[in-house]
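Pasted below: query-v4.tsv, TSV, C-alpha atoms.
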```tsv
chain	number	residue	atom	x	y	z
A	686	MET	CA	61.44	81.22	-18.58
A	687	THR	CA	61.40	82.25	-22.25
A	688	TYR	CA	61.54	78.94	-24.10
A	689	ALA	CA	58.57	76.59	-24.43
A	690	PRO	CA	59.95	73.07	-24.98
A	691	ASN	CA	59.15	70.80	-27.85
A	692	PHE	CA	57.77	67.53	-26.65
A	693	ALA	CA	58.51	63.83	-27.05
A	694	SER	CA	55.74	61.64	-25.65
A	695	GLU	CA	56.34	58.23	-24.10
A	696	ARG	CA	53.44	57.12	-26.29
A	697	LEU	CA	55.96	57.00	-29.13
A	698	LEU	CA	57.35	53.83	-27.54
A	699	PRO	CA	55.72	50.36	-27.73
A	700	GLY	CA	52.92	49.72	-25.28
A	701	PRO	CA	50.77	49.43	-23.36
A	702	PRO	CA	51.84	49.63	-20.65
A	703	PHE	CA	53.80	52.80	-21.36
A	704	ARG	CA	57.07	52.76	-19.43
A	705	GLY	CA	59.06	55.43	-21.19
A	706	CYS	CA	58.18	58.38	-18.95
A	707	GLY	CA	61.75	58.87	-17.74
A	708	LEU	CA	63.07	58.84	-21.30
A	709	SER	CA	60.53	61.40	-22.44
A	710	ALA	CA	61.12	63.56	-19.38
A	711	ASP	CA	64.83	63.55	-20.16
A	712	TRP	CA	64.10	64.45	-23.78
A	713	VAL	CA	62.04	67.50	-22.77
A	714	ALA	CA	64.39	68.61	-19.98
A	715	THR	CA	67.33	68.39	-22.40
A	716	ASP	CA	65.35	70.45	-24.89
A	717	LEU	CA	64.96	73.12	-22.21
A	718	ALA	CA	68.67	73.02	-21.40
A	719	THR	CA	69.70	73.44	-25.04
A	720	LEU	CA	67.11	76.07	-26.01
A	721	GLY	CA	65.65	73.55	-28.44
A	722	GLU	CA	68.93	72.66	-30.15
A	723	SER	CA	68.58	69.00	-29.17
A	724	SER	CA	65.17	68.84	-30.87
A	725	ARG	CA	66.64	69.91	-34.21
A	726	ARG	CA	67.91	67.63	-36.93
A	727	PRO	CA	71.40	68.18	-38.42
A	728	ASP	CA	69.78	70.24	-41.19
A	729	GLY	CA	68.20	72.55	-38.60
A	730	GLN	CA	64.64	71.31	-39.09
A	731	LEU	CA	62.53	70.30	-36.10
A	732	LYS	CA	62.64	66.58	-35.37
A	733	GLY	CA	59.43	64.87	-36.39
A	734	VAL	CA	57.89	61.73	-34.93
A	735	PRO	CA	60.38	59.24	-36.53
A	736	TRP	CA	63.39	61.20	-35.20
A	737	ARG	CA	61.91	61.55	-31.73
A	738	ARG	CA	60.93	57.91	-31.63
A	739	GLY	CA	64.49	56.99	-32.64
A	740	ASP	CA	65.91	59.06	-29.77
A	741	LEU	CA	63.58	57.39	-27.28
A	742	GLN	CA	64.31	53.91	-28.62
A	743	ARG	CA	68.06	54.41	-28.08
A	744	GLY	CA	67.31	55.41	-24.51
A	745	TRP	CA	64.94	52.47	-24.10
A	746	ARG	CA	67.63	50.00	-25.15
A	747	ALA	CA	69.99	51.52	-22.57
A	748	PHE	CA	67.26	51.36	-19.91
A	749	LYS	CA	66.55	47.67	-20.52
A	750	THR	CA	70.19	46.69	-19.85
A	751	GLN	CA	69.43	46.81	-16.11
A	752	PRO	CA	66.26	45.54	-14.40
A	753	ASP	CA	64.24	48.25	-12.68
A	754	SER	CA	61.73	47.81	-9.86
A	755	ASN	CA	59.14	50.37	-10.93
A	756	GLY	CA	59.77	51.25	-14.58
A	757	ILE	CA	61.11	54.70	-13.69
A	758	PRO	CA	64.72	55.55	-14.53
A	759	ASP	CA	65.34	56.87	-11.04
A	760	THR	CA	69.00	56.00	-10.32
A	761	GLY	CA	72.08	55.30	-12.43
A	762	ASP	CA	70.02	54.01	-15.34
A	763	ALA	CA	68.81	57.56	-16.02
A	764	LEU	CA	72.38	58.58	-16.75
A	765	ARG	CA	72.85	55.69	-19.21
A	766	ILE	CA	69.63	56.67	-20.96
A	767	HIS	CA	70.71	60.29	-21.26
A	768	ARG	CA	74.13	59.34	-22.65
A	769	ALA	CA	72.52	57.00	-25.19
A	770	MET	CA	70.04	59.62	-26.37
A	771	PHE	CA	72.34	62.64	-26.27
A	772	PRO	CA	75.97	61.42	-26.35
A	773	ASP	CA	77.38	64.88	-27.14
A	774	LEU	CA	75.76	66.65	-24.19
A	775	PRO	CA	76.97	66.99	-20.59
A	776	ASP	CA	75.56	64.71	-17.90
A	777	MET	CA	72.64	66.04	-15.94
A	778	GLU	CA	72.99	66.38	-12.17
A	779	GLN	CA	71.31	63.93	-9.83
A	780	LEU	CA	69.21	65.38	-7.03
A	781	SER	CA	68.67	62.80	-4.28
A	782	THR	CA	67.32	64.50	-1.17
A	783	ARG	CA	64.85	64.29	1.70
A	784	ASP	CA	64.46	68.06	1.82
A	785	TRP	CA	61.77	69.37	-0.53
A	786	ARG	CA	63.36	72.81	-0.35
A	787	ASP	CA	66.18	71.49	-2.55
A	788	VAL	CA	63.67	70.94	-5.36
A	789	VAL	CA	62.16	74.39	-4.90
A	790	SER	CA	65.62	75.97	-4.90
A	791	ALA	CA	66.50	74.20	-8.14
A	792	LEU	CA	63.35	75.53	-9.78
A	793	ASP	CA	64.07	79.05	-8.53
A	794	ASP	CA	67.61	78.76	-9.93
A	795	LYS	CA	66.22	78.22	-13.46
A	796	MET	CA	66.66	74.48	-13.42
A	797	ALA	CA	64.31	71.97	-14.99
A	798	VAL	CA	63.64	69.08	-12.61
A	799	SER	CA	62.83	65.60	-13.89
A	800	ILE	CA	61.22	63.97	-10.85
A	801	ALA	CA	59.85	60.51	-10.04
A	802	VAL	CA	56.34	60.47	-8.55
A	803	ARG	CA	53.97	57.85	-7.12
A	804	LEU	CA	50.63	59.12	-8.34
A	805	SER	CA	48.65	56.44	-6.51
A	806	ALA	CA	49.48	58.34	-3.30
A	807	LEU	CA	47.32	61.26	-4.50
A	808	PRO	CA	43.51	61.57	-4.46
A	809	ALA	CA	41.84	60.21	-7.57
A	810	ALA	CA	40.63	63.69	-8.50
A	811	SER	CA	44.14	65.15	-8.42
A	812	SER	CA	45.20	67.05	-11.53
A	813	MET	CA	48.48	65.10	-11.48
A	814	ARG	CA	46.49	61.92	-12.27
A	815	GLN	CA	44.70	63.16	-15.37
A	816	TYR	CA	46.84	60.97	-17.69
A	817	THR	CA	47.87	58.03	-15.53
A	818	SER	CA	47.86	56.79	-11.92
A	819	ALA	CA	50.99	54.63	-12.30
A	820	ASP	CA	54.48	55.36	-11.01
A	821	HIS	CA	55.62	58.13	-13.26
A	822	GLN	CA	58.23	60.78	-14.06
A	823	VAL	CA	57.49	64.36	-15.04
A	824	VAL	CA	59.42	67.56	-15.77
A	825	LEU	CA	58.90	70.63	-13.57
A	826	TYR	CA	59.81	74.19	-14.54
A	827	GLY	CA	58.58	77.76	-14.34
A	828	ARG	CA	57.56	78.00	-10.66
A	829	LYS	CA	55.36	80.92	-9.61
A	830	ARG	CA	53.52	81.47	-6.31
A	831	GLY	CA	53.66	77.85	-5.17
A	832	THR	CA	52.72	76.40	-8.52
A	833	THR	CA	54.83	75.11	-11.36
A	834	THR	CA	54.49	74.17	-14.99
A	835	ARG	CA	54.57	70.40	-15.32
A	836	VAL	CA	55.35	68.67	-18.61
A	837	ASP	CA	53.79	65.23	-18.60
A	838	PRO	CA	55.23	62.51	-20.88
A	839	MET	CA	51.81	60.82	-21.09
A	840	HIS	CA	50.54	63.73	-23.20
A	841	GLN	CA	50.15	63.00	-26.89
A	842	GLN	CA	52.99	63.95	-29.25
A	843	SER	CA	52.99	67.69	-29.89
A	844	ASN	CA	55.23	70.57	-30.95
A	845	ARG	CA	52.99	73.03	-29.10
A	846	TYR	CA	52.27	71.35	-25.75
A	847	SER	CA	54.20	73.20	-23.02
A	848	GLY	CA	52.81	71.60	-19.89
A	849	ASP	CA	50.08	72.01	-17.29
A	850	THR	CA	50.13	74.18	-14.18
A	851	VAL	CA	49.98	72.12	-10.99
A	852	ASP	CA	50.27	72.77	-7.27
A	853	LEU	CA	53.73	71.98	-5.88
A	854	GLY	CA	52.08	70.37	-2.84
A	855	GLU	CA	50.71	67.61	-5.07
A	856	VAL	CA	54.09	67.06	-6.66
A	857	ARG	CA	55.77	66.93	-3.27
A	858	ALA	CA	53.34	64.34	-1.87
A	859	ALA	CA	53.74	62.13	-4.95
A	860	ALA	CA	57.53	62.49	-5.00
A	861	GLU	CA	58.00	61.67	-1.32
A	862	ALA	CA	55.87	58.52	-1.70
A	863	ILE	CA	58.31	56.82	-4.10
A	864	GLU	CA	61.07	55.90	-1.62
A	865	ASN	CA	59.64	56.69	1.82
A	866	GLY	CA	60.53	60.37	1.72
A	867	LEU	CA	63.65	60.14	-0.46
A	868	ILE	CA	63.08	62.35	-3.49
A	869	LEU	CA	64.58	61.01	-6.72
A	870	ALA	CA	65.18	63.64	-9.38
A	871	TRP	CA	67.56	64.99	-12.01
A	872	VAL	CA	68.19	68.67	-12.68
A	873	TYR	CA	69.00	70.39	-15.98
A	874	PRO	CA	70.20	73.99	-16.44
A	875	ILE	CA	67.53	75.80	-18.45
A	876	GLU	CA	69.24	77.55	-21.36
A	877	GLY	CA	72.56	76.30	-19.93
A	878	TRP	CA	73.59	73.91	-22.69
A	879	THR	CA	73.63	76.34	-25.62
A	880	ALA	CA	76.13	75.87	-28.44
A	881	GLU	CA	78.61	78.21	-26.75
A	882	GLU	CA	78.28	76.46	-23.40
A	883	LEU	CA	78.67	73.06	-25.03
A	884	LEU	CA	81.78	74.13	-26.93
A	885	TRP	CA	83.40	75.35	-23.73
A	886	ASP	CA	82.41	72.13	-21.94
A	887	ARG	CA	83.93	69.99	-24.71
A	888	LEU	CA	87.18	71.98	-24.60
A	889	GLN	CA	87.40	71.60	-20.83
A	890	ARG	CA	86.62	67.87	-21.10
A	891	ARG	CA	89.33	67.44	-23.75
A	892	ILE	CA	91.89	69.24	-21.58
A	893	ARG	CA	90.97	67.03	-18.62
A	894	ASN	CA	91.32	63.89	-20.74
A	895	ILE	CA	94.77	64.95	-22.00
A	896	LYS	CA	95.91	65.72	-18.46
A	897	ASP	CA	94.53	62.41	-17.18
A	898	ARG	CA	96.29	60.40	-19.90
A	899	ALA	CA	99.57	62.26	-19.28
A	900	ALA	CA	99.29	61.56	-15.54
A	901	GLU	CA	98.55	57.87	-16.16
A	902	THR	CA	101.59	57.58	-18.48
A	903	GLU	CA	103.83	59.31	-15.96
A	904	GLN	CA	102.61	57.01	-13.17
A	905	ALA	CA	103.21	53.93	-15.31
A	906	LEU	CA	106.76	55.06	-16.15
A	907	GLU	CA	107.54	55.80	-12.52
A	908	ALA	CA	106.24	52.38	-11.50
A	909	ARG	CA	108.39	50.69	-14.15
A	910	ILE	CA	111.49	52.61	-13.01
A	911	ARG	CA	110.88	51.58	-9.40
A	912	ALA	CA	110.43	47.95	-10.45
A	913	LEU	CA	113.72	47.98	-12.41
A	914	GLU	CA	115.57	49.64	-9.54
A	915	GLN	CA	114.31	47.06	-7.08
A	916	ALA	CA	114.91	44.03	-9.33
A	917	GLN	CA	117.67	41.52	-8.47
A	918	PRO	CA	120.46	40.76	-11.01
A	919	VAL	CA	119.38	38.10	-13.47
A	920	ASN	CA	121.45	34.86	-13.58
A	921	CYS	CA	121.99	34.18	-17.27
A	922	LYS	CA	124.21	31.08	-16.79
A	923	PRO	CA	121.39	28.54	-17.30
A	924	LEU	CA	120.43	30.25	-20.56
A	925	VAL	CA	124.04	30.24	-21.75
A	926	ASP	CA	124.52	26.57	-20.80
A	927	ASN	CA	121.36	25.58	-22.64
A	928	ALA	CA	122.40	27.52	-25.73
A	929	ARG	CA	125.90	25.98	-25.65
A	930	ALA	CA	124.50	22.45	-25.29
A	931	ALA	CA	122.26	22.99	-28.30
A	932	THR	CA	125.04	24.36	-30.48
A	933	THR	CA	127.03	21.94	-32.65
A	934	GLU	CA	130.82	22.16	-32.87
A	935	LYS	CA	130.57	23.45	-36.44
A	936	GLU	CA	128.12	26.16	-35.42
A	937	MET	CA	130.43	27.10	-32.56
A	938	VAL	CA	133.41	27.52	-34.92
A	939	GLU	CA	131.32	29.70	-37.21
A	940	LEU	CA	130.08	31.69	-34.27
A	941	ILE	CA	133.63	32.31	-32.99
A	942	ALA	CA	134.76	33.37	-36.46
A	943	TRP	CA	131.82	35.75	-36.71
A	944	ALA	CA	132.63	37.15	-33.30
A	945	ASP	CA	136.33	37.58	-34.11
A	946	GLY	CA	135.41	39.58	-37.17
A	947	ARG	CA	133.53	41.95	-34.89
A	948	ARG	CA	136.12	41.83	-32.11
A	949	ILE	CA	133.73	40.08	-29.73
A	950	GLY	CA	135.34	37.68	-27.30
A	951	ILE	CA	133.68	34.31	-26.76
A	952	VAL	CA	135.10	32.18	-23.94
A	953	GLN	CA	134.79	28.38	-24.35
A	954	THR	CA	134.78	26.12	-21.33
```

Before anything else, please render the file you have as structure tokens.
Amino acid sequence: MTYAPNFASERLLPGPPFRGCGLSADWVATDLATLGESSRRPDGQLKGVPWRRGDLQRGWRAFKTQPDSNGIPDTGDALRIHRAMFPDLPDMEQLSTRDWRDVVSALDDKMAVSIAVRLSALPAASSMRQYTSADHQVVLYGRKRGTTTRVDPMHQQSNRYSGDTVDLGEVRAAAEAIENGLILAWVYPIEGWTAEELLWDRLQRRIRNIKDRAAETEQALEARIRALEQAQPVNCKPLVDNARAATTEKEMVELIAWADGRRIGIVQT
């Protein structure tokens, strides 16, 4: 782990109570995945408080489109938040598991893990509860000897804060308490969304879109051909009779003359 993330605190959102932990966790995990590129403005300068608050507010609007039971973006709403905050970046990968070893493996594979935790399940003196005891979401990264660096969104806004070291046993107990043993988390590839990686991802996505549209067009054409082949001959006599009934004798004479000039035969009955 060579990159210390810049930080966007959930305290940048309106409150109390503060309910933007998932948004802030996504902000920091995305910063880890892009080596800080997502925390830079278009001019290359580091995003200050107004920029970071703007990012979180876009995510907050996406979050509020669907009611949530505990204030934590722990299912599909996390994906909507991420897409609202970082529309040009790939989707993060959901990690929904009952096996804690999956979380440990992700950390060992240089992944940042944004994980939902129920801090009220921990002892009051637990280091995980130093900022809040509410249902919460934190970012884990940098595991070493059973411990990990935890970035907590309840920390005050800072460009230097890079997390606290906590015991993975505490994190596991709090994570498994959210949904009766079902661990709800999202994983981000640390240093995996660099400019080069993103360019390749966009090219691949564009190729897939072109192929998908071509396949859809081909399927539509084939369906239309089958429909035409299976269609019964159309009886045009009622249309002709109606047109003839609505045509005056003078119009009919003019029509026949026009047709004769073009060698078109019109049969009168």

**OP:** Identify, on the basis of all atoms listed in the file, every residue whose closest approach to range 721-736 of chain A does not exceed 12 Å; exclude the query and any residue fewer than 3 positions from it along the same chain; express the result as a ChimeraX atom specification.
**Re:** /A:687-698,711-718,739-743,767,770-774,841-844,875-881,883

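Residue neighbourhood of Gln815 in chain A, excluding near-sequence residues (fewer than 6 positions): Ala809, Asp837, Met839 and His840 of chain A, at 10 Å, using only C-alpha atoms.
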
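Reported to one decimal place, the separation of CA of Thr833 in chain A from CA of Ser790 in chain A is 12.6 Å.
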
Original post:
Neighbours of Lys795 in chain A within 9 Å (all atoms listed in the file; same-chain residues fewer than 6 positions away dropped), as number ranges by chain?
Top reply: A: 686, 826-827, 873-876

Original post:
Can you tell me how far CA of Tyr846 in chain A sits from CA of Ser818 in chain A, in Å to one decimal?
Top reply: 20.6 Å

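For Arg783 in chain A, the non-local neighbours within 7 Å, defined as residues at least 5 positions apart in the same chain or in other chains and counting all atoms listed in the file, are A:Gly866, A:Leu867, A:Ile868.
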
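Taking CA of Thr719 in chain A as the reference point, CA of Val872 in chain A is found at 13.3 Å.
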
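Summary of the local environment: counting all atoms listed in the file, residues at most 10 Å from Glu855 in chain A, other than itself and those fewer than 3 positions away along its chain, are Val802, Leu804, Ala806, Leu807, Pro808, Ser811, Ser812, Met813, Thr832, Val851, Asp852, Ala858, Ala859 and Ala860 of chain A.
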
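Using all atoms listed in the file, the smallest distance between any of A:Ala905, A:Ile766, A:Ile892, A:Ala870 and Thr782 in chain A comes from A:Ala870.
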
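Between Cys706 in chain A and the residues A:Met777, A:Leu720, A:Leu764, A:Val824, the shortest atom-to-atom distance, using all atoms listed in the file, involves A:Val824.
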
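Candidate residues A:Leu906, A:Pro775, A:Leu708, A:Arg803 were compared for distance to Lys749 in chain A, and the nearest is A:Leu708, using only C-alpha atoms.
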